[in-house]
Amino acid sequence: MELAIHNWMRAEPIEATVKRISELGYDRLEIAGEPDAYDTDKIGKLLKDHGLGCWGSVTLMMEKRNLLAGDPEQRAISVQYVKDVVKMVHELDGQMVSVVPGTVGKLVPDARPEEEWQWAVEGMKEIYDYAEPLGIQLGIEPINRFETYFINRGDQALALAKEVGPNCGVCLDVFHMNIEEDDIYEAIRRTKGRLAGFHVADNNRMAPGMGTFNWQKIVDTLKEVGYDGALSVEFCAPVDRTPANPYPNSIDENPVGLTNEQKKFIEDHGSTSLTEEFYTRLTRESIETLRPLI
């Protein structure tokens, strides 16, 4: 296994992110799913110059991005968006794309369950047919009920993946699993042969090592099912604006380069813009916890 980290959790130039994670000893970057924001030739060189690779990407399903939308045109635009993310990862020599089918933060369906399921299958199949020749594996990611009403558990993601195609996988996130699964270790075991990615944060969504998860047991279970991909760090520190905040100076009150869409996406995850000092601390804590285990 290798260690990767996402870069959507803090608005900063990607050069700053790459420099930090290279110095801390990460292996790969799981780049934010914003293909229009990146020149893949430049990013590829940047990663290579810092001794890093691209693991993959995660779709940022915000605004109108929704494979389950009642509007066919909106669904088509959303399918094209995910294809563009796949293309970006291919150009960066990555391996996988984690797909959240519905808009993050959208909790009210547009249609009947059977209609939305069919739209999800159709959209994912079109993306799958595009990704397969490029050698990019799709991983359908369940997220918790407070962020989506669709695909909250590994079994649901597996059911969709099996309808999409033999190489369509599942991307699990242990923070979400802790909310939705009856047994996170059995949920991992049930994805054997289909596990395409694994996102890590602690039970409180802080960095691994800052909560109560048994990381040794989690990693051992991943090894048991034959997973040899990346552990992708995806903490999302909760906001504490009270005198009880144990991490003073953690909130960046004047973030630079944070678009309204990014701000909403981070806030929809129960977080906010973090200072560079605190963000670096979380990034360091993650690798110091996980590196000895893999």
# chains A, B, ... in the order shown; residues from 1 in each chain; ligands from 1
>>> residues_around(residues="Glu285 in chain A", least_positions_apart="2", cutoff="9 Å", atoms="only C-alpha atoms", output="list in words")
Ala207, Pro208, Gly209, Met210, Thr280, Arg281, Leu282, Thr283, Ile287, Glu288, Thr289 and Leu290 of chain A
>>> write_last_selection(atoms="C-alpha atoms", output="PDB file, in the first residue's frame")
ATOM      1  CA  ALA A 207      -6.563  13.264  10.844  1.00  0.00           C
ATOM      2  CA  PRO A 208      -5.966   9.543  11.403  1.00  0.00           C
ATOM      3  CA  GLY A 209      -4.597   9.172  14.909  1.00  0.00           C
ATOM      4  CA  MET A 210      -6.672  12.011  16.364  1.00  0.00           C
ATOM      5  CA  THR A 280       0.053  21.018   7.931  1.00  0.00           C
ATOM      6  CA  ARG A 281      -0.356  19.578  11.423  1.00  0.00           C
ATOM      7  CA  LEU A 282      -3.241  17.372  10.257  1.00  0.00           C
ATOM      8  CA  THR A 283      -1.291  16.288   7.177  1.00  0.00           C
ATOM      9  CA  ILE A 287       1.268  10.096   7.748  1.00  0.00           C
ATOM     10  CA  GLU A 288       2.902   9.585  11.143  1.00  0.00           C
ATOM     11  CA  THR A 289      -0.051   7.412  12.155  1.00  0.00           C
ATOM     12  CA  LEU A 290      -0.392   5.401   8.958  1.00  0.00           C
TER      13      LEU A 290
END
>>> residues_around(residues="Ala196 in chain A", least_positions_apart="2", cutoff="10 Å", atoms="only C-alpha atoms", output="compact mmCIF listing (two decimals) with C-alpha atoms, in the first residue's frame")
# COMPACT_ATOMS: atom_id res chain seq x y z
CA GLN A 95 -5.29 4.73 -11.64
CA MET A 96 -8.77 5.45 -10.34
CA VAL A 97 -11.63 7.91 -10.00
CA SER A 98 -13.93 7.90 -7.01
CA GLN A 137 -10.93 2.16 -12.67
CA LEU A 138 -14.11 3.72 -11.31
CA GLY A 139 -14.90 3.38 -7.62
CA ILE A 140 -18.44 4.20 -6.49
CA GLU A 141 -18.19 5.89 -3.12
CA ASN A 167 -14.18 -3.83 -13.48
CA CYS A 168 -16.30 -1.17 -11.82
CA GLY A 169 -15.26 -0.95 -8.19
CA VAL A 170 -16.13 0.59 -4.86
CA CYS A 171 -14.26 3.29 -2.99
CA LEU A 172 -14.81 3.14 0.75
CA THR A 191 -15.82 -5.56 -1.18
CA LYS A 192 -13.04 -8.09 -1.80
CA GLY A 193 -12.16 -8.05 -5.48
CA ARG A 194 -13.98 -4.75 -6.07
CA PHE A 198 -9.92 3.70 0.42
CA TYR A 227 -6.08 -4.34 -1.27
CA ASP A 228 -2.72 -2.90 -2.35
CA GLY A 229 -3.79 0.54 -3.53
CA ALA A 230 -3.43 3.85 -1.74
>>> closest_atom_pairs(of="range 60-127 of chain A", to="range 36-51 of chain A", cutoff="12 Å", atoms="only C-alpha atoms", output="CSV")
residue,atom,partner,partner_atom,distance
A:Tyr81,CA,A:Asp36,CA,9.8
A:Val82,CA,A:Asp36,CA,11.9
A:Asp84,CA,A:Asp36,CA,8.6
A:Val85,CA,A:Asp36,CA,9.1
A:Lys87,CA,A:Thr40,CA,9.8
A:Met88,CA,A:Thr40,CA,6.7
A:Val89,CA,A:Thr40,CA,8.6
A:His90,CA,A:Thr40,CA,9.5
A:Glu91,CA,A:Thr40,CA,6.4
A:Leu92,CA,A:Gly44,CA,5.6
A:Asp93,CA,A:Gly44,CA,8.3
A:Gly94,CA,A:Gly44,CA,10.1
>>> write_last_selection(atoms="C-alpha atoms", output="mmCIF file, in the first residue's frame")
data_model
loop_
_atom_site.group_PDB
_atom_site.id
_atom_site.type_symbol
_atom_site.label_atom_id
_atom_site.label_comp_id
_atom_site.auth_asym_id
_atom_site.auth_seq_id
_atom_site.Cartn_x
_atom_site.Cartn_y
_atom_site.Cartn_z
ATOM 1 C CA TYR A 81 -17.978 16.145 -16.108
ATOM 2 C CA VAL A 82 -17.010 12.727 -14.719
ATOM 3 C CA ASP A 84 -13.419 14.914 -17.970
ATOM 4 C CA VAL A 85 -12.165 13.873 -14.521
ATOM 5 C CA LYS A 87 -9.412 12.083 -18.808
ATOM 6 C CA MET A 88 -7.460 14.252 -16.368
ATOM 7 C CA VAL A 89 -6.431 11.234 -14.284
ATOM 8 C CA HIS A 90 -5.399 9.326 -17.392
ATOM 9 C CA GLU A 91 -3.209 12.219 -18.518
ATOM 10 C CA LEU A 92 -1.581 12.267 -15.065
ATOM 11 C CA ASP A 93 -0.906 8.502 -15.182
ATOM 12 C CA GLY A 94 -3.307 7.880 -12.288
#
>>> atom_distance(atom1="CA of Lys83 in chain A", atom2="CA of His199 in chain A")
21.3 Å
>>> residues_around(residues="Asp240 in chain A", least_positions_apart="6", cutoff="9 Å", atoms="only C-alpha atoms", output="PDB file with N, CA and C atoms, in the first residue's frame")
ATOM      1  N   PRO A 246      -9.826  23.124  21.133  1.00  0.00           N
ATOM      2  CA  PRO A 246      -8.505  22.673  21.573  1.00  0.00           C
ATOM      3  C   PRO A 246      -7.388  23.044  20.596  1.00  0.00           C
ATOM      4  N   TYR A 247      -7.753  23.624  19.443  1.00  0.00           N
ATOM      5  CA  TYR A 247      -6.767  23.959  18.418  1.00  0.00           C
ATOM      6  C   TYR A 247      -6.873  25.440  18.065  1.00  0.00           C
ATOM      7  N   SER A 250      -6.848  27.673  14.320  1.00  0.00           N
ATOM      8  CA  SER A 250      -7.058  26.646  13.300  1.00  0.00           C
ATOM      9  C   SER A 250      -7.912  27.140  12.141  1.00  0.00           C
ATOM     10  N   ILE A 251      -8.698  28.175  12.355  1.00  0.00           N
ATOM     11  CA  ILE A 251      -9.623  28.661  11.324  1.00  0.00           C
ATOM     12  C   ILE A 251      -9.018  29.846  10.583  1.00  0.00           C
TER      13      ILE A 251
END
>>> residues_around(residues="Ala157 in chain A", least_positions_apart="2", cutoff="7 Å", atoms="only C-alpha atoms", output="ChimeraX atom specification")
/A:140-142,151,153-155,159-161,170
>>> write_last_selection(atoms="C-alpha atoms", output="compact mmCIF listing (two decimals), in the first residue's frame")
# COMPACT_ATOMS: atom_id res chain seq x y z
CA ILE A 140 -18.44 4.20 -6.49
CA GLU A 141 -18.19 5.89 -3.12
CA PRO A 142 -20.85 5.66 -0.40
CA ILE A 151 -25.53 5.21 -1.84
CA ARG A 153 -23.35 1.81 2.38
CA GLY A 154 -20.84 -0.47 0.72
CA ASP A 155 -23.49 -3.03 -0.23
CA ALA A 159 -24.93 -3.45 -6.23
CA LEU A 160 -24.48 -0.47 -8.53
CA ALA A 161 -20.94 -1.46 -9.50
CA VAL A 170 -16.13 0.59 -4.86
>>> select_by_dssp(residues="range 45-173 of chain A", states="helix (DSSP H, G or I)", output="ChimeraX atom specification")
/A:45-49,72-91,113-134,154-164
>>> atom_distance(atom1="CA of Glu2 in chain A", atom2="CA of Leu293 in chain A")
10.6 Å
>>> closest_residue(among="A:Arg241, A:Arg28, A:Lys106, A:His6", to="Trp55 in chain A", atoms="only C-alpha atoms")
A:Arg28
>>> residues_around(residues="Phe150 in chain A", least_positions_apart="4", cutoff="10 Å", atoms="only C-alpha atoms", output="PyMOL selection string")
chain A and resi 68+100-104+106-109+113+116-117+120+142-145+156-157
>>> select_by_dssp(residues="range 31-231 of chain A", states="strand (DSSP E)", output="PyMOL selection string")
chain A and resi 31-33+53-59+96-99+137-140+169-173+195-200+230-231
>>> write_last_selection(atoms="C-alpha atoms", output="PDB file, in the first residue's frame")
ATOM      1  CA  ILE A  31      -6.217  15.395  -7.130  1.00  0.00           C
ATOM      2  CA  ALA A  32      -9.453  17.344  -6.765  1.00  0.00           C
ATOM      3  CA  GLY A  33     -11.987  16.636  -9.479  1.00  0.00           C
ATOM      4  CA  GLY A  53       2.656  10.219  -8.514  1.00  0.00           C
ATOM      5  CA  CYS A  54      -1.043  10.749  -9.092  1.00  0.00           C
ATOM      6  CA  TRP A  55      -3.191   8.084  -7.456  1.00  0.00           C
ATOM      7  CA  GLY A  56      -6.457   9.323  -8.924  1.00  0.00           C
ATOM      8  CA  SER A  57      -9.203  11.816  -8.297  1.00  0.00           C
ATOM      9  CA  VAL A  58     -12.486  12.255  -6.475  1.00  0.00           C
ATOM     10  CA  THR A  59     -15.504  13.813  -8.149  1.00  0.00           C
ATOM     11  CA  MET A  96      -8.769   5.448 -10.339  1.00  0.00           C
ATOM     12  CA  VAL A  97     -11.631   7.913 -10.002  1.00  0.00           C
ATOM     13  CA  SER A  98     -13.928   7.896  -7.005  1.00  0.00           C
ATOM     14  CA  VAL A  99     -17.492   8.711  -8.048  1.00  0.00           C
ATOM     15  CA  GLN A 137     -10.934   2.160 -12.672  1.00  0.00           C
ATOM     16  CA  LEU A 138     -14.110   3.723 -11.310  1.00  0.00           C
ATOM     17  CA  GLY A 139     -14.901   3.376  -7.617  1.00  0.00           C
ATOM     18  CA  ILE A 140     -18.437   4.199  -6.495  1.00  0.00           C
ATOM     19  CA  GLY A 169     -15.258  -0.949  -8.195  1.00  0.00           C
ATOM     20  CA  VAL A 170     -16.128   0.586  -4.862  1.00  0.00           C
ATOM     21  CA  CYS A 171     -14.263   3.290  -2.994  1.00  0.00           C
ATOM     22  CA  LEU A 172     -14.812   3.140   0.754  1.00  0.00           C
ATOM     23  CA  ASP A 173     -14.363   5.963   3.251  1.00  0.00           C
ATOM     24  CA  LEU A 195     -12.172  -2.353  -3.716  1.00  0.00           C
ATOM     25  CA  ALA A 196     -10.755   0.401  -5.919  1.00  0.00           C
ATOM     26  CA  GLY A 197      -9.852   2.996  -3.292  1.00  0.00           C
ATOM     27  CA  PHE A 198      -9.918   3.704   0.422  1.00  0.00           C
ATOM     28  CA  HIS A 199     -10.299   7.141   2.018  1.00  0.00           C
ATOM     29  CA  VAL A 200      -9.124   7.728   5.564  1.00  0.00           C
ATOM     30  CA  ALA A 230      -3.428   3.855  -1.743  1.00  0.00           C
ATOM     31  CA  LEU A 231      -4.779   4.979   1.583  1.00  0.00           C
TER      32      LEU A 231
END
>>> closest_residue(among="A:Pro238, A:Thr275, A:Pro248, A:Leu67", to="Gln118 in chain A", atoms="only C-alpha atoms")
A:Leu67
